[in-house]
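*Asks:* Got a structure for you, protein.txt, holding compact mmCIF, N, CA and C atoms.
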# COMPACT_ATOMS: atom_id res chain seq x y z
N MET A 1387 90.89 92.32 117.40
CA MET A 1387 89.77 91.88 116.61
C MET A 1387 89.82 90.36 116.53
N PRO A 1388 88.71 89.70 116.75
CA PRO A 1388 88.69 88.24 116.65
C PRO A 1388 89.04 87.76 115.24
N ASP A 1389 89.69 86.61 115.15
CA ASP A 1389 90.08 86.05 113.86
C ASP A 1389 88.91 85.92 112.91
N GLN A 1390 87.75 85.53 113.42
CA GLN A 1390 86.57 85.37 112.59
C GLN A 1390 86.19 86.67 111.90
N HIS A 1391 86.29 87.79 112.62
CA HIS A 1391 85.98 89.09 112.03
C HIS A 1391 86.99 89.45 110.95
N GLY A 1392 88.25 89.16 111.23
CA GLY A 1392 89.29 89.42 110.23
C GLY A 1392 89.05 88.64 108.95
N ARG A 1393 88.66 87.38 109.09
CA ARG A 1393 88.37 86.56 107.90
C ARG A 1393 87.18 87.12 107.13
N LEU A 1394 86.16 87.59 107.85
CA LEU A 1394 85.00 88.19 107.19
C LEU A 1394 85.39 89.42 106.39
N ILE A 1395 86.26 90.24 106.97
CA ILE A 1395 86.72 91.45 106.28
C ILE A 1395 87.51 91.09 105.04
N ILE A 1396 88.41 90.13 105.17
CA ILE A 1396 89.21 89.71 104.02
C ILE A 1396 88.32 89.15 102.92
N ASP A 1397 87.34 88.33 103.28
CA ASP A 1397 86.41 87.79 102.28
C ASP A 1397 85.64 88.92 101.60
N TYR A 1398 85.18 89.88 102.40
CA TYR A 1398 84.44 91.02 101.85
C TYR A 1398 85.31 91.79 100.85
N LEU A 1399 86.55 92.06 101.23
CA LEU A 1399 87.45 92.81 100.36
C LEU A 1399 87.74 92.06 99.07
N ARG A 1400 87.95 90.76 99.16
CA ARG A 1400 88.21 89.96 97.96
C ARG A 1400 87.03 89.97 97.00
N GLU A 1401 85.82 89.98 97.54
CA GLU A 1401 84.63 89.98 96.70
C GLU A 1401 84.32 91.37 96.14
N SER A 1402 84.70 92.42 96.85
CA SER A 1402 84.26 93.77 96.52
C SER A 1402 85.31 94.64 95.87
N CYS A 1403 86.55 94.22 95.84
CA CYS A 1403 87.64 95.10 95.40
C CYS A 1403 88.28 94.57 94.13
N PHE A 1404 88.83 95.49 93.36
CA PHE A 1404 89.60 95.13 92.18
C PHE A 1404 90.70 96.17 92.00
N VAL A 1405 91.69 95.79 91.20
CA VAL A 1405 92.80 96.70 90.91
C VAL A 1405 92.64 97.15 89.47
N GLY A 1406 92.73 98.43 89.25
CA GLY A 1406 92.58 99.00 87.91
C GLY A 1406 93.84 99.72 87.49
N GLU A 1407 93.72 100.47 86.41
CA GLU A 1407 94.83 101.26 85.91
C GLU A 1407 95.06 102.47 86.80
N GLU A 1408 96.27 102.95 86.82
CA GLU A 1408 96.62 104.10 87.64
C GLU A 1408 96.42 105.41 86.89
N ALA A 1409 96.16 106.47 87.63
CA ALA A 1409 96.06 107.82 87.08
C ALA A 1409 97.24 108.63 87.60
N PRO A 1410 97.61 109.70 86.91
CA PRO A 1410 98.73 110.52 87.39
C PRO A 1410 98.40 111.20 88.72
N VAL A 1411 99.38 111.21 89.61
CA VAL A 1411 99.25 111.85 90.93
C VAL A 1411 100.54 112.60 91.21
N ARG A 1412 100.42 113.77 91.81
CA ARG A 1412 101.61 114.55 92.17
C ARG A 1412 102.51 113.74 93.11
N LYS A 1413 103.79 113.81 92.92
CA LYS A 1413 104.76 113.07 93.75
C LYS A 1413 104.69 113.49 95.22
N ASN A 1414 104.27 114.73 95.49
CA ASN A 1414 104.23 115.20 96.88
C ASN A 1414 102.83 115.02 97.50
N ALA A 1415 101.98 114.21 96.89
CA ALA A 1415 100.64 113.98 97.42
C ALA A 1415 100.69 113.18 98.72
N CYS A 1416 101.80 112.48 98.94
CA CYS A 1416 101.97 111.67 100.14
C CYS A 1416 103.43 111.74 100.56
N ARG A 1417 103.67 111.66 101.85
CA ARG A 1417 105.06 111.80 102.33
C ARG A 1417 105.92 110.58 101.99
N ASP A 1418 105.32 109.45 101.63
CA ASP A 1418 106.08 108.26 101.23
C ASP A 1418 105.80 107.98 99.76
N GLU A 1419 106.78 108.20 98.91
CA GLU A 1419 106.60 108.01 97.47
C GLU A 1419 106.19 106.59 97.11
N ASP A 1420 106.50 105.61 97.96
CA ASP A 1420 106.10 104.23 97.69
C ASP A 1420 104.58 104.06 97.75
N ASP A 1421 103.88 105.00 98.36
CA ASP A 1421 102.43 104.91 98.50
C ASP A 1421 101.67 105.67 97.40
N ILE A 1422 102.39 106.34 96.53
CA ILE A 1422 101.76 107.11 95.46
C ILE A 1422 100.88 106.21 94.59
N HIS A 1423 101.31 104.98 94.37
CA HIS A 1423 100.51 104.09 93.51
C HIS A 1423 99.13 103.81 94.10
N ILE A 1424 99.01 103.81 95.43
CA ILE A 1424 97.70 103.61 96.07
C ILE A 1424 96.79 104.80 95.74
N LEU A 1425 97.33 106.00 95.89
CA LEU A 1425 96.55 107.19 95.58
C LEU A 1425 96.22 107.26 94.09
N SER A 1426 97.15 106.80 93.27
CA SER A 1426 96.96 106.80 91.83
C SER A 1426 95.82 105.87 91.43
N LEU A 1427 95.77 104.69 92.03
CA LEU A 1427 94.65 103.78 91.76
C LEU A 1427 93.34 104.37 92.26
N ALA A 1428 93.38 104.97 93.43
CA ALA A 1428 92.17 105.59 93.98
C ALA A 1428 91.67 106.72 93.09
N GLU A 1429 92.57 107.48 92.55
CA GLU A 1429 92.20 108.56 91.64
C GLU A 1429 91.47 108.01 90.41
N LYS A 1430 91.94 106.89 89.93
CA LYS A 1430 91.37 106.30 88.72
C LYS A 1430 90.02 105.62 88.98
N ILE A 1431 89.93 104.82 90.05
CA ILE A 1431 88.72 104.01 90.23
C ILE A 1431 87.72 104.61 91.21
N ARG A 1432 88.11 105.66 91.95
CA ARG A 1432 87.22 106.39 92.86
C ARG A 1432 86.48 105.46 93.84
N PRO A 1433 87.22 104.74 94.70
CA PRO A 1433 86.58 103.84 95.66
C PRO A 1433 85.84 104.62 96.73
N ASN A 1434 85.01 103.93 97.49
CA ASN A 1434 84.32 104.54 98.63
C ASN A 1434 85.29 104.87 99.75
N TYR A 1435 86.33 104.03 99.91
CA TYR A 1435 87.32 104.21 100.96
C TYR A 1435 88.67 103.68 100.49
N ILE A 1436 89.72 104.18 101.12
CA ILE A 1436 91.04 103.55 101.07
C ILE A 1436 91.22 102.98 102.47
N ILE A 1437 91.40 101.68 102.57
CA ILE A 1437 91.57 101.02 103.86
C ILE A 1437 93.01 100.57 103.96
N THR A 1438 93.69 101.01 105.02
CA THR A 1438 95.12 100.75 105.13
C THR A 1438 95.58 100.76 106.58
N GLY A 1439 96.73 100.19 106.80
CA GLY A 1439 97.40 100.28 108.08
C GLY A 1439 98.64 101.15 107.99
N ASP A 1440 98.84 101.76 106.85
CA ASP A 1440 100.02 102.57 106.57
C ASP A 1440 99.86 103.97 107.14
N ASP A 1441 100.70 104.32 108.10
CA ASP A 1441 100.61 105.64 108.75
C ASP A 1441 100.80 106.80 107.79
N ASP A 1442 101.61 106.59 106.74
CA ASP A 1442 101.84 107.66 105.77
C ASP A 1442 100.57 107.99 104.99
N LEU A 1443 99.69 107.03 104.81
CA LEU A 1443 98.41 107.29 104.17
C LEU A 1443 97.36 107.73 105.18
N LEU A 1444 97.34 107.08 106.35
CA LEU A 1444 96.33 107.40 107.36
C LEU A 1444 96.42 108.85 107.81
N VAL A 1445 97.61 109.41 107.85
CA VAL A 1445 97.79 110.79 108.29
C VAL A 1445 97.07 111.78 107.35
N LEU A 1446 96.83 111.38 106.12
CA LEU A 1446 96.14 112.24 105.16
C LEU A 1446 94.65 112.37 105.49
N LYS A 1447 94.06 111.37 106.14
CA LYS A 1447 92.62 111.32 106.49
C LYS A 1447 91.73 111.11 105.27
N LYS A 1448 92.07 111.76 104.16
CA LYS A 1448 91.35 111.54 102.90
C LYS A 1448 92.25 111.97 101.75
N TYR A 1449 91.97 111.41 100.58
CA TYR A 1449 92.63 111.85 99.36
C TYR A 1449 91.54 112.30 98.41
N ARG A 1450 91.61 113.56 98.03
CA ARG A 1450 90.51 114.20 97.31
C ARG A 1450 89.27 114.03 98.19
N SER A 1451 88.25 113.36 97.72
CA SER A 1451 87.05 113.18 98.56
C SER A 1451 86.95 111.75 99.10
N ILE A 1452 88.03 110.97 98.97
CA ILE A 1452 88.01 109.56 99.36
C ILE A 1452 88.56 109.42 100.78
N PRO A 1453 87.74 108.98 101.73
CA PRO A 1453 88.23 108.79 103.10
C PRO A 1453 89.31 107.71 103.16
N ILE A 1454 90.32 107.94 103.98
CA ILE A 1454 91.37 106.95 104.22
C ILE A 1454 91.19 106.47 105.65
N LEU A 1455 90.88 105.18 105.80
CA LEU A 1455 90.54 104.61 107.09
C LEU A 1455 91.46 103.46 107.47
N SER A 1456 91.64 103.29 108.78
CA SER A 1456 92.30 102.08 109.26
C SER A 1456 91.29 100.95 109.16
N LEU A 1457 91.75 99.73 109.26
CA LEU A 1457 90.86 98.58 109.22
C LEU A 1457 89.82 98.67 110.35
N ARG A 1458 90.27 99.07 111.52
CA ARG A 1458 89.34 99.20 112.65
C ARG A 1458 88.28 100.27 112.38
N GLU A 1459 88.68 101.41 111.84
CA GLU A 1459 87.72 102.47 111.51
C GLU A 1459 86.69 101.99 110.48
N PHE A 1460 87.18 101.26 109.48
CA PHE A 1460 86.28 100.72 108.47
C PHE A 1460 85.32 99.71 109.09
N TRP A 1461 85.85 98.83 109.90
CA TRP A 1461 85.03 97.80 110.54
C TRP A 1461 83.93 98.45 111.39
N GLU A 1462 84.29 99.46 112.17
CA GLU A 1462 83.30 100.14 113.01
C GLU A 1462 82.25 100.86 112.16
N LYS A 1463 82.68 101.49 111.09
CA LYS A 1463 81.75 102.19 110.19
C LYS A 1463 80.77 101.19 109.57
N GLU A 1464 81.26 100.06 109.10
CA GLU A 1464 80.40 99.05 108.48
C GLU A 1464 79.46 98.43 109.51
N ARG A 1465 79.96 98.19 110.72
CA ARG A 1465 79.14 97.61 111.77
C ARG A 1465 77.97 98.55 112.10
N LYS A 1466 78.24 99.83 112.18
CA LYS A 1466 77.18 100.82 112.45
C LYS A 1466 76.20 100.88 111.28
N ARG A 1467 76.71 100.81 110.07
CA ARG A 1467 75.87 100.89 108.88
C ARG A 1467 74.91 99.71 108.80
N GLN A 1468 75.39 98.54 109.21
CA GLN A 1468 74.57 97.34 109.13
C GLN A 1468 73.63 97.18 110.32
N GLY A 1469 73.80 98.06 111.31
CA GLY A 1469 72.91 98.10 112.45
C GLY A 1469 73.22 97.05 113.43
Give the structure from the file, written as C-alpha cells.
*Replies:*
Amino acid sequence: MPDQHGRLIIDYLRESCFVGEEAPVRKNACRDEDDIHILSLAEKIRPNYIITGDDDLLVLKKYRSIPILSLREFWEKERKRQG
C-alpha cells in the first residue's frame, strides 16, 4: 500500500475512533488472552468494524456481529463504498 494511502487511513482512524470503557468478555472468546481487551471494548462501544493485523483476532472473522478485518480488507471495503 502506498505511504499516502496509509497516512489517509491513519488520519481517518484518528478522526473517527475513540476508546471507551470495557465490557465483560469470556476469557475463551479469543485464543490470545492479551486480545480480550479489544473484544471487550468492541462489546461496549459496538463499532462498525474491528481493524487489526493480529492473526489471533483475524481468525475469528467477527465478534458477535462486528466484522474483524485486516487493514487491507477495510481499505478495499471503503474504496468500494466510496465508488
*Asks:* By how many Å are atom CA of Thr1438 of chain A and atom CA of Glu1401 of chain A apart?
*Replies:*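 These two atoms are separated by 17.2 Å.
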*Asks:* Give the strand (DSSP E) residues of chain A, as DSSP finds them on the backbone, and put them as JSON, numbers by chain.
*Replies:* {"A": [1436, 1437, 1448, 1449, 1452, 1453, 1454, 1455]}
*Asks:* For the selection you just gave me, I'd like the residues written to a file as a short mmCIF file (atom, residue, chain, number, x, y, z; two decimals), in the coordinates of the input, keeping N, CA and C atoms.
*Replies:*
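Final file, again.cif:
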data_model
loop_
_atom_site.label_atom_id
_atom_site.label_comp_id
_atom_site.auth_asym_id
_atom_site.auth_seq_id
_atom_site.Cartn_x
_atom_site.Cartn_y
_atom_site.Cartn_z
N ILE A 1436 89.72 104.18 101.12
CA ILE A 1436 91.04 103.55 101.07
C ILE A 1436 91.22 102.98 102.47
N ILE A 1437 91.40 101.68 102.57
CA ILE A 1437 91.57 101.02 103.86
C ILE A 1437 93.01 100.57 103.96
N LYS A 1448 92.07 111.76 104.16
CA LYS A 1448 91.35 111.54 102.90
C LYS A 1448 92.25 111.97 101.75
N TYR A 1449 91.97 111.41 100.58
CA TYR A 1449 92.63 111.85 99.36
C TYR A 1449 91.54 112.30 98.41
N ILE A 1452 88.03 110.97 98.97
CA ILE A 1452 88.01 109.56 99.36
C ILE A 1452 88.56 109.42 100.78
N PRO A 1453 87.74 108.98 101.73
CA PRO A 1453 88.23 108.79 103.10
C PRO A 1453 89.31 107.71 103.16
N ILE A 1454 90.32 107.94 103.98
CA ILE A 1454 91.37 106.95 104.22
C ILE A 1454 91.19 106.47 105.65
N LEU A 1455 90.88 105.18 105.80
CA LEU A 1455 90.54 104.61 107.09
C LEU A 1455 91.46 103.46 107.47
#
*Asks:* List every protein, DNA or RNA residue with an atom no more than 8 Å from (86.9, 113.6, 93.8) in the file's coordinates, counting all atoms listed in the file, and format the result as a VMD selection string.
*Replies:* chain A and resid 1429 1432 1449 to 1452
*Asks:* Can you write out the residues you just picked, keeping N, CA and C atoms, as a PDB file, in the frame of the given file?
*Replies:*
ATOM      1  N   GLU A1429      92.570 107.480  92.550  1.00  0.00           N
ATOM      2  CA  GLU A1429      92.200 108.560  91.640  1.00  0.00           C
ATOM      3  C   GLU A1429      91.470 108.010  90.410  1.00  0.00           C
ATOM      4  N   ARG A1432      88.110 105.660  91.950  1.00  0.00           N
ATOM      5  CA  ARG A1432      87.220 106.390  92.860  1.00  0.00           C
ATOM      6  C   ARG A1432      86.480 105.460  93.840  1.00  0.00           C
ATOM      7  N   TYR A1449      91.970 111.410 100.580  1.00  0.00           N
ATOM      8  CA  TYR A1449      92.630 111.850  99.360  1.00  0.00           C
ATOM      9  C   TYR A1449      91.540 112.300  98.410  1.00  0.00           C
ATOM     10  N   ARG A1450      91.610 113.560  98.030  1.00  0.00           N
ATOM     11  CA  ARG A1450      90.510 114.200  97.310  1.00  0.00           C
ATOM     12  C   ARG A1450      89.270 114.030  98.190  1.00  0.00           C
ATOM     13  N   SER A1451      88.250 113.360  97.720  1.00  0.00           N
ATOM     14  CA  SER A1451      87.050 113.180  98.560  1.00  0.00           C
ATOM     15  C   SER A1451      86.950 111.750  99.100  1.00  0.00           C
ATOM     16  N   ILE A1452      88.030 110.970  98.970  1.00  0.00           N
ATOM     17  CA  ILE A1452      88.010 109.560  99.360  1.00  0.00           C
ATOM     18  C   ILE A1452      88.560 109.420 100.780  1.00  0.00           C
TER      19      ILE A1452
END
*Asks:* Please extract the residues of segment 1415-1459 of chain A with a backbone DSSP assignment of alpha helix (DSSP H) and present them as a list in words.
*Replies:* Ile1422, His1423, Ile1424, Leu1425, Ser1426, Leu1427, Ala1428, Glu1429, Lys1430, Ile1431, Asp1441, Asp1442, Leu1443, Leu1444, Leu1457, Arg1458 and Glu1459 of chain A
*Asks:* In Å, rounded to a single decimal, give me how far atom N of Ser1456 of chain A is from atom N of Pro1410 of chain A.
*Replies:*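 Going from atom N of Pro1410 of chain A over to atom N of Ser1456 of chain A, I get 23.6 Å.
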*Asks:* Pick from A:Leu1455, A:Ala1409, A:Leu1399, A:Asp1418: nearest to Gly1439 of chain A, with only N, CA and C atoms counted?
*Replies:*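 Closest to Gly1439 of chain A of all the choices is A:Leu1455.
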*Asks:* Which is closest to Ser1426 of chain A among A:Val1411, A:Cys1403, A:Ile1395, A:Ile1454, if we use only C-alpha atoms?
*Replies:*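 Residue with the minimum atom-to-atom distance to Ser1426 of chain A: A:Val1411.
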*Asks:* Could you list, as a list in words, every residue within 12 Å of Glu1464 of chain A, counting only C-alpha atoms and ignoring same-chain residues fewer than 5 positions away?
*Replies:*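 The neighbour list is His1391, Leu1394, Ile1395, Tyr1398, Asn1434, Tyr1435, Leu1455, Leu1457, Arg1458, Glu1459 and Gly1469 of chain A.
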*Asks:* Find the residues around Ile1424 of chain A up to 9 Å (only C-alpha atoms counted), leave out those fewer than 3 positions away in its own chain, and share them as a PDB file with N, CA and C atoms, in the coordinates of the input.
*Replies:*
ATOM      1  N   GLU A1408      96.270 102.950  86.820  1.00  0.00           N
ATOM      2  CA  GLU A1408      96.620 104.100  87.640  1.00  0.00           C
ATOM      3  C   GLU A1408      96.420 105.410  86.890  1.00  0.00           C
ATOM      4  N   ASP A1420     106.500 105.610  97.960  1.00  0.00           N
ATOM      5  CA  ASP A1420     106.100 104.230  97.690  1.00  0.00           C
ATOM      6  C   ASP A1420     104.580 104.060  97.750  1.00  0.00           C
ATOM      7  N   ASP A1421     103.880 105.000  98.360  1.00  0.00           N
ATOM      8  CA  ASP A1421     102.430 104.910  98.500  1.00  0.00           C
ATOM      9  C   ASP A1421     101.670 105.670  97.400  1.00  0.00           C
ATOM     10  N   LEU A1427      95.770 104.690  92.030  1.00  0.00           N
ATOM     11  CA  LEU A1427      94.650 103.780  91.760  1.00  0.00           C
ATOM     12  C   LEU A1427      93.340 104.370  92.260  1.00  0.00           C
ATOM     13  N   ALA A1428      93.380 104.970  93.430  1.00  0.00           N
ATOM     14  CA  ALA A1428      92.170 105.590  93.980  1.00  0.00           C
ATOM     15  C   ALA A1428      91.670 106.720  93.090  1.00  0.00           C
ATOM     16  N   GLU A1429      92.570 107.480  92.550  1.00  0.00           N
ATOM     17  CA  GLU A1429      92.200 108.560  91.640  1.00  0.00           C
ATOM     18  C   GLU A1429      91.470 108.010  90.410  1.00  0.00           C
ATOM     19  N   ILE A1436      89.720 104.180 101.120  1.00  0.00           N
ATOM     20  CA  ILE A1436      91.040 103.550 101.070  1.00  0.00           C
ATOM     21  C   ILE A1436      91.220 102.980 102.470  1.00  0.00           C
ATOM     22  N   LEU A1443      99.690 107.030 104.810  1.00  0.00           N
ATOM     23  CA  LEU A1443      98.410 107.290 104.170  1.00  0.00           C
ATOM     24  C   LEU A1443      97.360 107.730 105.180  1.00  0.00           C
TER      25      LEU A1443
END
*Asks:* Would you work out the distance separating atom CA of Arg1465 of chain A from atom CA of Asp1442 of chain A, expressed in Å to one decimal?
*Replies:* 25.5 Å
*Asks:* Using all atoms listed in the file, find the one residue out of A:Glu1462, A:Pro1453, A:Arg1400, A:Gln1468 that sits nearest to Pro1433 of chain A.
*Replies:*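 Once distances to Pro1433 of chain A are computed over all atoms listed in the file, the minimum belongs to A:Pro1453.
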